[in-house]
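Report on the following structure.
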Amino acid sequence: VNKYKKRYSYKSSFTGNWINASGLEQNTPLFLKEKKDILRKASKAKNGNFFINGKSINIYENNNYGNWSIDPISKNLWPSENVFKPISFFPGDLRFPWELDRMHQLILFGQAWRCSKNIDWPKTGLIQIKQLMKQNKFEFGIHWRDGLQLAIRIFSMIGFVDLCHDFTDDFHKEITPIIALHAYSLSRQVSPQSEITNNHLIGELCALALSGIYLNNEKYFKESIKNLKIELERQIYNDGVPYEGSVPYIRFILDFLVLTEIAIKKSDFEDQPFLIKYIEKISSALSALVDSKGNVPPIGDGDDGRVMKFDDEPYLNVNETLLIASQLIQKPLSPCKSIYSFKNLVLGETKSYKKILNKINFLQDSGLIHLNYKNYDIWIDCGPTGLGKFGPGGHGHNDTTSLVFYFDGKAILHDPGWFSYFVNDFTRNQFRSTLSHNTISINNEEQAR
């Protein structure tokens with residue numbers, strides 16, 4: 001840690017050049033409109049209040065400094081073992097520490113700084129980062145475990161610094177070594193190629209590329225970009241759908257790619273044409289699956305996670321991401337205008353390209369069908385159960401030939417989506433089972449046994 005403090009104690013030349021909102025003053029119409037809501041949400045996060053896994057928790061409740069490693073339900077501590085060894089036990093649902101690990105509130109603190117110029121907000125973000133890191137020593141404990149969580153935290157931290165680029169030099173000298181330390185740890189925990197952690201690997205490689213830009217580290221950038229190209233070729237069907245068998249994770253992957261593409265364009269690093277190629281393929285597939293309000297059904301797994309959280313857009317509404325992708329590829333992808341702030345804060349209040357929904361969309365390789373007529377939407381999943389040509393997808397359910405039917409954006413024949421990953425295997429498997437989907441069941445046998 002001390003070595004990184006000496007080596008990276010500076011303000012990055014990239015900071016302030018990434019997100020459109022980073023260049024906005026506090027009296028801009030966008031911030032004047034959002035200011036009250038931003039400050040309200042930032043104040044809750046500053047006081048340790050978070051809404052995770054459908055529950056309100058407060059990490060400062062029994063500890064003034066916050067215990068980020070305690071499970072809020074069981075009140076037990078997560079083990080503090082070395083992250084390169086198997087975890088010995090699970091005291092609760094892994095999604096609680098995962099969500100805390102991602103530190104989405106840093107973006108809120110950055111927005112609060114931009115629209116108020118109150119010095120408490122950059123300081124609060126830095127304090128919470130240090131609190132999380134102090135729970136365990138480097139690469140020990142739950143908060144250093146799992147590359148994807150490190151990747152999202154890197155996006156949150158660099159986004160936070162970008163929004164606070166005009167804060168003090170001392171602030172930058174403290175946070176840049178922390179980001180460098182995370183990039184180093186992530187480089188040691190990158191997931192295997194195209195195994196069950198597949199959306200993990202795409203996110204991890206994007207975070208390393210972003211770290212390379214922020215730290216001006218060509219090795220991080222070139223290595224991750226080279227492997228990202230290989231991985232996208234392995235994972236993405238010709239129709240633009242990832243083979244892992246989850247509709248919600250399509251947007252998750254697309255967010256990683258569009259935010260990385262914007263960072264490259266705003267930097268001195270070499271443009272990567274393959275990124276735009278895959279952004280176009282994946283965003284076109286996602287666009288084919290949305291209803292008139294920009295919603296997608298919860299086919300397959302999801303974890304309610306975002307790469308960077310700028311607003312309260314519902315998890316299954318992908319409209320803002322489609323609007324950003326639409327600007328990048330100059331093609332209409334979204335059926336409605338911007339309702340939340342993600343697109344405007346990232347790209348600015350540019351013209352939106354509105355798309356008229358097709359009556360029939362058939363994504364042949366992944367087997368997904370979307371039928372739209374006025375306020376009626378039907379999705380049929382005729383694809384494999386998350387088993388792609390290069391291995392298991394890991395996030396597909398036993399839902400082949402299942403039907404999902406919405407009227408006016410409301411589910412009539414619903415897909416159950418996901419429950420949880422680690423706490424209750426019985427209920428999780430119920431949600432994934434053939435019997436829980438609107439499809440044929442024979443003798444109660446599972447499609448994938």
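Numbering starts fresh at 1 for the residues of each chain in the structure tokens, the chains themselves are lettered A, B, ... in the order given, and ligands are numbered from 1 as they appear.
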
Closest contacts (region 139-167 of chain A/region 339-347 of chain A, max 12 Å, only C-alpha atoms) as JSON lines:
```
{"residue": "A:Gly159", "atom": "CA", "partner": "A:Val346", "partner_atom": "CA", "distance": 10.1}
{"residue": "A:Asp162", "atom": "CA", "partner": "A:Val346", "partner_atom": "CA", "distance": 11.3}
{"residue": "A:Leu163", "atom": "CA", "partner": "A:Leu345", "partner_atom": "CA", "distance": 10.4}
```

Nearby residues (only C-alpha atoms) at most 8 Å from Arg153 (chain A), same-chain spacing under 2 positions excluded, as a JSON list (two decimals) with all heavy atoms, in the first residue's frame:
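Okay, this is what ended up in around-v1.json:
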```
[["chain", "number", "residue", "atom", "x", "y", "z"],
["A", 101, "ASP", "N", -19.81, -3.55, -1.75],
["A", 101, "ASP", "CA", -18.51, -3.52, -2.42],
["A", 101, "ASP", "C", -18.50, -2.61, -3.64],
["A", 101, "ASP", "O", -17.49, -1.99, -3.96],
["A", 101, "ASP", "CB", -18.12, -4.93, -2.90],
["A", 101, "ASP", "CG", -17.68, -5.83, -1.77],
["A", 101, "ASP", "OD1", -17.47, -5.32, -0.66],
["A", 101, "ASP", "OD2", -17.56, -7.04, -2.00],
["A", 102, "ARG", "N", -19.61, -2.55, -4.34],
["A", 102, "ARG", "CA", -19.66, -1.82, -5.61],
["A", 102, "ARG", "C", -19.63, -0.30, -5.40],
["A", 102, "ARG", "O", -19.30, 0.44, -6.31],
["A", 102, "ARG", "CB", -20.90, -2.25, -6.40],
["A", 102, "ARG", "CG", -20.83, -3.72, -6.78],
["A", 102, "ARG", "CD", -22.10, -4.24, -7.43],
["A", 102, "ARG", "NE", -21.94, -5.62, -7.86],
["A", 102, "ARG", "CZ", -22.82, -6.29, -8.59],
["A", 102, "ARG", "NH1", -23.95, -5.70, -8.97],
["A", 102, "ARG", "NH2", -22.58, -7.55, -8.95],
["A", 103, "MET", "N", -20.03, 0.15, -4.23],
["A", 103, "MET", "CA", -19.95, 1.56, -3.84],
["A", 103, "MET", "C", -20.60, 2.50, -4.86],
["A", 103, "MET", "O", -20.03, 3.54, -5.23],
["A", 103, "MET", "CB", -18.50, 1.97, -3.56],
["A", 103, "MET", "CG", -17.83, 1.13, -2.49],
["A", 103, "MET", "SD", -16.48, 1.96, -1.62],
["A", 103, "MET", "CE", -17.38, 2.85, -0.36],
["A", 104, "HIS", "N", -21.81, 2.16, -5.27],
["A", 104, "HIS", "CA", -22.55, 3.02, -6.21],
["A", 104, "HIS", "C", -22.78, 4.41, -5.64],
["A", 104, "HIS", "O", -22.95, 5.37, -6.41],
["A", 104, "HIS", "CB", -23.89, 2.38, -6.56],
["A", 104, "HIS", "CG", -23.80, 1.19, -7.45],
["A", 104, "HIS", "ND1", -23.14, 1.22, -8.67],
["A", 104, "HIS", "CD2", -24.28, -0.08, -7.33],
["A", 104, "HIS", "CE1", -23.23, 0.04, -9.25],
["A", 104, "HIS", "NE2", -23.90, -0.76, -8.46],
["A", 149, "GLN", "N", -16.74, -7.53, -8.55],
["A", 149, "GLN", "CA", -17.04, -6.48, -7.56],
["A", 149, "GLN", "C", -15.93, -5.44, -7.54],
["A", 149, "GLN", "O", -16.20, -4.24, -7.40],
["A", 149, "GLN", "CB", -17.25, -7.10, -6.18],
["A", 149, "GLN", "CG", -18.10, -8.36, -6.13],
["A", 149, "GLN", "CD", -19.29, -8.36, -7.07],
["A", 149, "GLN", "OE1", -20.02, -7.38, -7.21],
["A", 149, "GLN", "NE2", -19.52, -9.49, -7.73],
["A", 150, "LEU", "N", -14.68, -5.88, -7.66],
["A", 150, "LEU", "CA", -13.57, -4.92, -7.77],
["A", 150, "LEU", "C", -13.73, -4.05, -9.02],
["A", 150, "LEU", "O", -13.48, -2.85, -9.00],
["A", 150, "LEU", "CB", -12.24, -5.66, -7.82],
["A", 150, "LEU", "CG", -11.79, -6.40, -6.55],
["A", 150, "LEU", "CD1", -10.50, -7.16, -6.82],
["A", 150, "LEU", "CD2", -11.61, -5.45, -5.39],
["A", 151, "ALA", "N", -14.16, -4.69, -10.12],
["A", 151, "ALA", "CA", -14.33, -3.97, -11.38],
["A", 151, "ALA", "C", -15.36, -2.86, -11.26],
["A", 151, "ALA", "O", -15.13, -1.72, -11.69],
["A", 151, "ALA", "CB", -14.72, -4.94, -12.49],
["A", 155, "PHE", "N", -15.04, 1.32, -11.49],
["A", 155, "PHE", "CA", -15.89, 2.24, -12.27],
["A", 155, "PHE", "C", -16.48, 3.31, -11.36],
["A", 155, "PHE", "O", -16.51, 4.50, -11.72],
["A", 155, "PHE", "CB", -17.00, 1.46, -12.98],
["A", 155, "PHE", "CG", -16.65, 1.00, -14.36],
["A", 155, "PHE", "CD1", -15.99, -0.18, -14.57],
["A", 155, "PHE", "CD2", -16.98, 1.78, -15.47],
["A", 155, "PHE", "CE1", -15.66, -0.61, -15.86],
["A", 155, "PHE", "CE2", -16.66, 1.37, -16.76],
["A", 155, "PHE", "CZ", -15.99, 0.17, -16.95],
["A", 156, "SER", "N", -16.97, 2.91, -10.18],
["A", 156, "SER", "CA", -17.55, 3.88, -9.24],
["A", 156, "SER", "C", -16.51, 4.90, -8.79],
["A", 156, "SER", "O", -16.79, 6.11, -8.74],
["A", 156, "SER", "CB", -18.13, 3.15, -8.02],
["A", 156, "SER", "OG", -19.22, 2.33, -8.38],
["A", 157, "MET", "N", -15.31, 4.43, -8.44],
["A", 157, "MET", "CA", -14.27, 5.34, -7.94],
["A", 157, "MET", "C", -13.80, 6.30, -9.02],
["A", 157, "MET", "O", -13.65, 7.50, -8.77],
["A", 157, "MET", "CB", -13.09, 4.54, -7.38],
["A", 157, "MET", "CG", -13.40, 3.84, -6.07],
["A", 157, "MET", "SD", -11.93, 3.16, -5.24],
["A", 157, "MET", "CE", -11.43, 1.89, -6.41]]
```

Check: In terms of the shortest atom-to-atom distance over only C-alpha atoms, which of A:Phe84, A:Tyr184, A:Tyr60, A:Phe269 is closest to Ile225 (chain A)?
Finding: A:Phe269

Write out as a compact mmCIF listing (two decimals) with N, CA, C and O atoms, in the first residue's frame which residues come within 12 Å of Ile127 (chain A) when counting only C-alpha atoms, dropping same-chain ones fewer than 6 positions away.
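Result file follows (part.txt):
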```txt
# COMPACT_ATOMS: atom_id res chain seq x y z
N LYS A 46 -24.58 8.93 3.01
CA LYS A 46 -23.57 9.47 3.92
C LYS A 46 -23.81 8.97 5.34
O LYS A 46 -22.86 8.71 6.10
N ASN A 47 -25.08 8.80 5.71
CA ASN A 47 -25.44 8.33 7.05
C ASN A 47 -25.44 6.81 7.17
O ASN A 47 -25.87 6.26 8.20
N GLY A 48 -25.01 6.14 6.10
CA GLY A 48 -24.89 4.68 6.16
C GLY A 48 -26.16 3.93 5.82
O GLY A 48 -26.26 2.72 6.07
N TYR A 65 -17.98 3.84 12.80
CA TYR A 65 -17.15 3.81 11.62
C TYR A 65 -17.71 2.88 10.54
O TYR A 65 -17.17 2.79 9.46
N GLY A 66 -18.77 2.19 10.89
CA GLY A 66 -19.38 1.30 9.92
C GLY A 66 -18.69 -0.04 9.86
O GLY A 66 -17.47 -0.11 9.76
N LEU A 106 -20.82 6.42 -4.45
CA LEU A 106 -19.76 7.37 -4.80
C LEU A 106 -20.21 8.29 -5.94
O LEU A 106 -19.85 9.47 -5.98
N PHE A 109 -22.26 10.95 -4.45
CA PHE A 109 -21.44 11.97 -3.78
C PHE A 109 -20.79 12.90 -4.81
O PHE A 109 -20.67 14.11 -4.58
N ASP A 120 -18.03 18.60 1.81
CA ASP A 120 -18.32 17.36 2.56
C ASP A 120 -18.46 16.16 1.63
O ASP A 120 -18.17 15.03 2.04
N TRP A 121 -18.91 16.37 0.39
CA TRP A 121 -19.23 15.23 -0.47
C TRP A 121 -17.99 14.49 -0.97
O TRP A 121 -17.91 13.27 -0.85
N MET A 133 -11.93 -0.39 3.05
CA MET A 133 -10.61 -1.01 2.93
C MET A 133 -10.02 -1.39 4.28
O MET A 133 -9.24 -2.35 4.38
N LYS A 134 -10.36 -0.66 5.34
CA LYS A 134 -9.80 -0.94 6.66
C LYS A 134 -10.40 -2.19 7.31
O LYS A 134 -9.88 -2.66 8.33
N PHE A 171 -6.90 15.51 -2.26
CA PHE A 171 -7.93 14.50 -2.51
C PHE A 171 -7.46 13.52 -3.59
O PHE A 171 -7.54 12.30 -3.43
N GLU A 174 -4.66 11.18 -2.59
CA GLU A 174 -5.09 10.07 -1.73
C GLU A 174 -5.82 8.98 -2.51
O GLU A 174 -5.64 7.79 -2.24
N ILE A 175 -6.64 9.37 -3.48
CA ILE A 175 -7.51 8.38 -4.11
C ILE A 175 -6.85 7.68 -5.29
O ILE A 175 -7.14 6.52 -5.58
```

How close does region 229-259 of chain A get to region 416-434 of chain A? List, as a tab-separated table, each residue of region 229-259 of chain A within 12 Å, its nearest atom pair and the distance in Å to one decimal, counting only C-alpha atoms.
```
residue	atom	partner	partner_atom	distance
A:Gly245	CA	A:Arg432	CA	11.9
A:Ser246	CA	A:Gly417	CA	9.4
A:Val247	CA	A:Gly417	CA	9.9
A:Pro248	CA	A:Gly417	CA	9.4
A:Tyr249	CA	A:Gly417	CA	11.9
```

With C-alpha atoms kept, could you save the residues just selected as a short mmCIF file (atom, residue, chain, number, x, y, z; two decimals), in the first residue's frame?
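Contents of part35.cif, freshly written:
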```
data_model
loop_
_atom_site.label_atom_id
_atom_site.label_comp_id
_atom_site.auth_asym_id
_atom_site.auth_seq_id
_atom_site.Cartn_x
_atom_site.Cartn_y
_atom_site.Cartn_z
CA GLY A 245 -28.97 -17.13 -21.11
CA SER A 246 -30.01 -13.99 -19.21
CA VAL A 247 -31.89 -11.01 -20.68
CA PRO A 248 -31.13 -8.60 -17.76
CA TYR A 249 -27.39 -9.20 -18.12
#
```

Notebook entry, point to check: For the atom pair CA of Arg234 (chain A) and CA of Pro192 (chain A), what is the interatomic distance in Å to one decimal place?
Noted result: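 Atom-to-atom, CA of Arg234 (chain A) and CA of Pro192 (chain A) are spaced 12.5 Å apart.
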
Next item on the list: Determine, counting only C-alpha atoms, which protein, DNA and RNA residues have an atom within 12 Å of an atom of Asp268 (chain A); residues of the same chain fewer than 4 positions away are not included. Present the result as a PyMOL selection string.
Entry: chain A and resi 13-14+17-18+212-214+216-218+221+262-264

Would you save the residues of that selection, restricted to N, CA and C atoms, as a compact mmCIF listing (two decimals), in the first residue's frame?
```
# COMPACT_ATOMS: atom_id res chain seq x y z
N SER A 13 -4.36 12.77 -15.37
CA SER A 13 -4.64 13.70 -16.47
C SER A 13 -5.97 13.39 -17.15
N PHE A 14 -6.50 12.19 -16.91
CA PHE A 14 -7.78 11.80 -17.53
C PHE A 14 -8.97 12.36 -16.76
N ASN A 17 -12.48 14.38 -17.75
CA ASN A 17 -12.70 14.32 -19.20
C ASN A 17 -13.66 13.22 -19.64
N TRP A 18 -14.20 12.45 -18.70
CA TRP A 18 -14.96 11.25 -19.07
C TRP A 18 -16.46 11.52 -19.17
N GLY A 212 -6.30 1.44 -17.01
CA GLY A 212 -5.16 1.78 -17.85
C GLY A 212 -5.23 3.21 -18.34
N ILE A 213 -6.43 3.64 -18.73
CA ILE A 213 -6.62 5.02 -19.19
C ILE A 213 -6.38 5.99 -18.04
N TYR A 214 -7.00 5.72 -16.89
CA TYR A 214 -6.91 6.63 -15.74
C TYR A 214 -5.48 6.73 -15.23
N ASN A 216 -2.78 5.92 -16.95
CA ASN A 216 -1.85 6.01 -18.08
C ASN A 216 -0.91 4.80 -18.11
N ASN A 217 -1.52 3.63 -17.92
CA ASN A 217 -0.80 2.36 -17.87
C ASN A 217 -1.11 1.57 -19.14
N GLU A 218 -0.20 1.61 -20.10
CA GLU A 218 -0.44 0.96 -21.39
C GLU A 218 -0.59 -0.55 -21.26
N PHE A 221 -4.10 -1.42 -20.29
CA PHE A 221 -5.02 -1.13 -21.39
C PHE A 221 -4.88 -2.16 -22.51
N ILE A 262 -16.70 5.31 -24.35
CA ILE A 262 -16.69 6.76 -24.14
C ILE A 262 -15.37 7.20 -23.52
N ALA A 263 -14.86 6.40 -22.56
CA ALA A 263 -13.58 6.73 -21.93
C ALA A 263 -12.44 6.73 -22.95
N ILE A 264 -12.44 5.75 -23.84
CA ILE A 264 -11.39 5.68 -24.86
C ILE A 264 -11.46 6.91 -25.77
```

Check: From the list A:Gly16, A:Pro273, A:Gly203, A:Gly383, which residue is nearest Phe167 (chain A) when using only C-alpha atoms?
Finding: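 For Phe167 (chain A), the nearest of the candidates is A:Gly16.
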
Item checked: Residues within 12 Å of Asn49 (chain A), only C-alpha atoms, excluding chain neighbours under 4 positions, as number ranges by chain -> A: 40-45, 55-61, 66, 68, 72, 100, 105

Next item on the list: List the neighbours of Leu286 (chain A) out to 10 Å using only C-alpha atoms; skip same-chain residues closer than 4 positions along the sequence, and give me the result as number ranges by chain.
Entry: A: 240-241, 247-248, 250-251, 254, 280-282, 290, 294-296, 318-319, 321-322, 333-334

How would the residues just picked look written out with all heavy atoms as a compact mmCIF listing (two decimals), in the first residue's frame?
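This is the output file result_29.txt:
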```txt
# COMPACT_ATOMS: atom_id res chain seq x y z
N GLY A 240 -26.34 -10.92 -31.36
CA GLY A 240 -26.03 -9.90 -30.37
C GLY A 240 -26.34 -10.26 -28.94
O GLY A 240 -26.07 -9.47 -28.02
N VAL A 241 -26.89 -11.46 -28.69
CA VAL A 241 -27.24 -11.88 -27.34
C VAL A 241 -26.08 -12.69 -26.75
O VAL A 241 -25.56 -13.58 -27.41
CB VAL A 241 -28.53 -12.72 -27.33
CG1 VAL A 241 -28.83 -13.24 -25.93
CG2 VAL A 241 -29.71 -11.89 -27.84
N VAL A 247 -31.55 -12.28 -20.03
CA VAL A 247 -31.89 -11.01 -20.68
C VAL A 247 -31.41 -9.80 -19.86
O VAL A 247 -30.83 -8.87 -20.42
CB VAL A 247 -33.40 -10.94 -20.98
CG1 VAL A 247 -33.81 -9.54 -21.42
CG2 VAL A 247 -33.77 -11.96 -22.06
N PRO A 248 -31.61 -9.77 -18.51
CA PRO A 248 -31.13 -8.60 -17.76
C PRO A 248 -29.64 -8.35 -17.88
O PRO A 248 -29.20 -7.19 -17.85
CB PRO A 248 -31.51 -8.94 -16.30
CG PRO A 248 -32.67 -9.86 -16.42
CD PRO A 248 -32.40 -10.68 -17.64
N ILE A 250 -27.85 -8.61 -20.46
CA ILE A 250 -27.50 -7.99 -21.74
C ILE A 250 -27.17 -6.52 -21.51
O ILE A 250 -26.17 -5.99 -21.99
CB ILE A 250 -28.63 -8.14 -22.78
CG1 ILE A 250 -28.95 -9.61 -23.04
CG2 ILE A 250 -28.23 -7.46 -24.10
CD1 ILE A 250 -30.14 -9.83 -23.96
N ARG A 251 -28.03 -5.83 -20.75
CA ARG A 251 -27.80 -4.40 -20.46
C ARG A 251 -26.56 -4.22 -19.60
O ARG A 251 -25.80 -3.27 -19.78
CB ARG A 251 -29.02 -3.79 -19.78
CG ARG A 251 -28.99 -2.26 -19.71
CD ARG A 251 -28.43 -1.72 -18.41
NE ARG A 251 -29.27 -2.09 -17.31
CZ ARG A 251 -30.34 -1.39 -16.93
NH1 ARG A 251 -30.66 -0.27 -17.53
NH2 ARG A 251 -31.05 -1.80 -15.91
N LEU A 254 -23.66 -4.38 -21.83
CA LEU A 254 -23.66 -3.21 -22.71
C LEU A 254 -23.19 -1.96 -21.97
O LEU A 254 -22.45 -1.14 -22.54
CB LEU A 254 -25.06 -3.01 -23.30
CG LEU A 254 -25.22 -1.92 -24.35
CD1 LEU A 254 -24.31 -2.15 -25.55
CD2 LEU A 254 -26.67 -1.81 -24.80
N GLU A 280 -22.95 -2.16 -31.26
CA GLU A 280 -24.07 -2.16 -32.22
C GLU A 280 -24.83 -3.49 -32.19
O GLU A 280 -26.06 -3.51 -32.16
CB GLU A 280 -23.57 -1.87 -33.63
CG GLU A 280 -24.70 -1.87 -34.66
CD GLU A 280 -24.34 -1.16 -35.95
OE1 GLU A 280 -23.16 -0.87 -36.17
OE2 GLU A 280 -25.27 -0.91 -36.74
N LYS A 281 -24.10 -4.61 -32.17
CA LYS A 281 -24.76 -5.93 -32.15
C LYS A 281 -25.58 -6.13 -30.88
O LYS A 281 -26.75 -6.54 -30.93
CB LYS A 281 -23.71 -7.05 -32.25
CG LYS A 281 -23.11 -7.22 -33.63
CD LYS A 281 -22.02 -8.28 -33.63
CE LYS A 281 -22.62 -9.68 -33.56
NZ LYS A 281 -21.60 -10.72 -33.86
N ILE A 282 -24.97 -5.84 -29.75
CA ILE A 282 -25.64 -6.11 -28.47
C ILE A 282 -26.79 -5.14 -28.23
O ILE A 282 -27.87 -5.54 -27.79
CB ILE A 282 -24.62 -6.04 -27.31
CG1 ILE A 282 -23.56 -7.14 -27.48
CG2 ILE A 282 -25.31 -6.18 -25.96
CD1 ILE A 282 -22.35 -6.98 -26.58
N VAL A 290 -37.24 -4.86 -26.11
CA VAL A 290 -37.93 -3.92 -25.21
C VAL A 290 -39.38 -3.71 -25.62
O VAL A 290 -39.73 -3.81 -26.81
CB VAL A 290 -37.22 -2.54 -25.15
CG1 VAL A 290 -35.85 -2.68 -24.54
CG2 VAL A 290 -37.15 -1.89 -26.52
N GLY A 294 -39.65 0.67 -22.77
CA GLY A 294 -38.23 0.40 -22.57
C GLY A 294 -37.94 -0.70 -21.57
O GLY A 294 -36.81 -0.83 -21.10
N ASN A 295 -38.96 -1.52 -21.24
CA ASN A 295 -38.77 -2.61 -20.28
C ASN A 295 -38.41 -3.91 -20.98
O ASN A 295 -38.81 -4.16 -22.12
CB ASN A 295 -40.06 -2.85 -19.48
CG ASN A 295 -40.46 -1.65 -18.66
OD1 ASN A 295 -39.64 -1.09 -17.93
ND2 ASN A 295 -41.71 -1.22 -18.77
N VAL A 296 -37.67 -4.77 -20.27
CA VAL A 296 -37.41 -6.14 -20.73
C VAL A 296 -37.90 -7.09 -19.64
O VAL A 296 -37.96 -6.74 -18.47
CB VAL A 296 -35.91 -6.39 -21.01
CG1 VAL A 296 -35.44 -5.61 -22.21
CG2 VAL A 296 -35.05 -6.10 -19.79
N VAL A 318 -34.41 -0.49 -19.61
CA VAL A 318 -33.07 -0.33 -20.22
C VAL A 318 -33.02 0.86 -21.17
O VAL A 318 -32.09 0.99 -21.97
CB VAL A 318 -32.67 -1.63 -20.96
CG1 VAL A 318 -32.67 -2.81 -20.00
CG2 VAL A 318 -33.60 -1.92 -22.14
N ASN A 319 -33.99 1.76 -21.05
CA ASN A 319 -34.14 2.83 -22.03
C ASN A 319 -32.94 3.78 -22.06
O ASN A 319 -32.48 4.16 -23.15
CB ASN A 319 -35.42 3.62 -21.73
CG ASN A 319 -35.81 4.53 -22.86
OD1 ASN A 319 -35.99 4.07 -23.99
ND2 ASN A 319 -35.94 5.82 -22.59
N THR A 321 -29.79 3.27 -21.28
CA THR A 321 -28.63 2.62 -21.91
C THR A 321 -28.80 2.57 -23.42
O THR A 321 -27.85 2.81 -24.17
CB THR A 321 -28.44 1.19 -21.35
OG1 THR A 321 -28.16 1.29 -19.95
CG2 THR A 321 -27.30 0.47 -22.04
N LEU A 322 -30.01 2.28 -23.88
CA LEU A 322 -30.26 2.27 -25.32
C LEU A 322 -30.08 3.66 -25.93
O LEU A 322 -29.57 3.79 -27.06
CB LEU A 322 -31.67 1.75 -25.61
CG LEU A 322 -31.90 0.25 -25.42
CD1 LEU A 322 -33.36 -0.10 -25.67
CD2 LEU A 322 -31.00 -0.57 -26.36
N LEU A 333 -32.64 3.20 -31.35
CA LEU A 333 -32.73 1.96 -30.59
C LEU A 333 -33.81 1.99 -29.53
O LEU A 333 -34.29 0.93 -29.11
CB LEU A 333 -31.39 1.68 -29.89
CG LEU A 333 -30.17 1.44 -30.77
CD1 LEU A 333 -28.90 1.46 -29.91
CD2 LEU A 333 -30.28 0.10 -31.49
N SER A 334 -34.18 3.17 -29.08
CA SER A 334 -35.08 3.30 -27.94
C SER A 334 -36.48 3.69 -28.40
O SER A 334 -36.64 4.53 -29.28
CB SER A 334 -34.55 4.36 -26.98
OG SER A 334 -35.52 4.67 -26.02
```

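By only C-alpha atoms, and with residues fewer than 2 positions from Gln111 (chain A) along its chain excluded, the set lying at most 9 Å from it is Ala21, Ser22, Phe31, Lys35, Ile38, Leu39, Ala42, Leu106, Ile107, Leu108, Phe109, Trp113, Arg114, Cys115, Ser116, Trp121, Phe160, Leu163, Cys164 and Phe310 of chain A.
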
Item checked: Top pick for closest residue to Gly367 (chain A), considering A:Lys351, A:Ala285, A:Leu316, A:His437 and counting only C-alpha atoms ->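 That would be A:Ala285, the residue with the smallest distance to Gly367 (chain A).
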
Notebook entry, point to check: Looking only at the backbone, which of the residues in region 312-426 of chain A does DSSP tag as strand (DSSP E), as number ranges by chain?
Noted result: A: 360-363, 368-373, 376-381, 387-388, 391-392, 402-407, 410-413

Just write the chosen residues, C-alpha atoms, as an mmCIF file, in the first residue's frame.
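Resulting contents of out03.cif:
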```cif
data_model
loop_
_atom_site.group_PDB
_atom_site.id
_atom_site.type_symbol
_atom_site.label_atom_id
_atom_site.label_comp_id
_atom_site.auth_asym_id
_atom_site.auth_seq_id
_atom_site.Cartn_x
_atom_site.Cartn_y
_atom_site.Cartn_z
ATOM 1 C CA ILE A 360 -41.979 -9.395 -34.741
ATOM 2 C CA ASN A 361 -38.350 -9.735 -33.639
ATOM 3 C CA PHE A 362 -36.689 -13.130 -33.920
ATOM 4 C CA LEU A 363 -33.154 -13.444 -32.570
ATOM 5 C CA LEU A 368 -35.548 -15.264 -28.328
ATOM 6 C CA ILE A 369 -38.762 -14.006 -29.941
ATOM 7 C CA HIS A 370 -40.565 -10.741 -29.163
ATOM 8 C CA LEU A 371 -44.040 -10.020 -30.524
ATOM 9 C CA ASN A 372 -45.468 -6.521 -30.132
ATOM 10 C CA TYR A 373 -48.910 -5.209 -31.061
ATOM 11 C CA TYR A 376 -49.455 -6.121 -26.027
ATOM 12 C CA ASP A 377 -46.040 -7.751 -25.718
ATOM 13 C CA ILE A 378 -45.204 -11.452 -25.829
ATOM 14 C CA TRP A 379 -41.726 -12.934 -25.400
ATOM 15 C CA ILE A 380 -40.963 -16.578 -26.166
ATOM 16 C CA ASP A 381 -37.692 -18.160 -25.123
ATOM 17 C CA LEU A 387 -25.451 -23.569 -22.468
ATOM 18 C CA GLY A 388 -23.456 -21.947 -25.252
ATOM 19 C CA GLY A 391 -19.372 -23.763 -22.278
ATOM 20 C CA PRO A 392 -21.992 -23.180 -19.589
ATOM 21 C CA SER A 402 -41.727 -20.395 -21.994
ATOM 22 C CA LEU A 403 -44.088 -17.478 -22.614
ATOM 23 C CA VAL A 404 -44.076 -14.043 -21.006
ATOM 24 C CA PHE A 405 -47.028 -11.729 -21.665
ATOM 25 C CA TYR A 406 -47.278 -8.027 -20.767
ATOM 26 C CA PHE A 407 -50.178 -5.660 -21.286
ATOM 27 C CA LYS A 410 -47.654 -4.896 -16.711
ATOM 28 C CA ALA A 411 -46.912 -8.611 -16.429
ATOM 29 C CA ILE A 412 -49.908 -10.910 -16.993
ATOM 30 C CA LEU A 413 -47.974 -14.125 -17.639
#
```

Check: Smallest atom-to-atom distance to Ile236 (chain A): which of A:Asp365, A:Asp312, A:Asp255, A:Glu446, using only C-alpha atoms?
Finding: A:Asp365

Checklist line | region 175-361 of chain A: residues DSSP assigns to alpha helix (DSSP H), reported as JSON, numbers by chain | finding: {"A": [175, 176, 177, 178, 179, 180, 181, 182, 183, 184, 185, 186, 187, 198, 199, 200, 201, 202, 203, 204, 205, 206, 207, 208, 209, 210, 211, 212, 213, 214, 215, 218, 219, 220, 221, 222, 223, 224, 225, 226, 227, 228, 229, 230, 231, 232, 233, 234, 235, 248, 249, 250, 251, 252, 253, 254, 255, 256, 257, 258, 259, 260, 261, 262, 263, 264, 265, 273, 274, 275, 276, 277, 278, 279, 280, 281, 282, 283, 284, 285, 286, 287, 288, 289, 319, 320, 321, 322, 323, 324, 325, 326, 327, 328, 329, 342, 343, 344, 345, 346, 347]}

Notebook entry, point to check: With distances taken over only C-alpha atoms, which of A:Ser283, A:Asn136, A:Asn238, A:Gln131 is nearest to Trp78 (chain A)?
Noted result: A:Asn136

Note to self: Could you check the closest approach to Lys359 (chain A) for each of A:Ala288, A:His182, A:Tyr243, A:Pro29 and tell me which residue wins, using only C-alpha atoms?
What the structure shows: A:Ala288

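Distance-wise, CA of Lys277 (chain A) and CA of Leu323 (chain A) end up 16.6 Å apart.
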
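Note that the spacing between CA of Lys331 (chain A) and CA of Glu261 (chain A) amounts to 16.4 Å.
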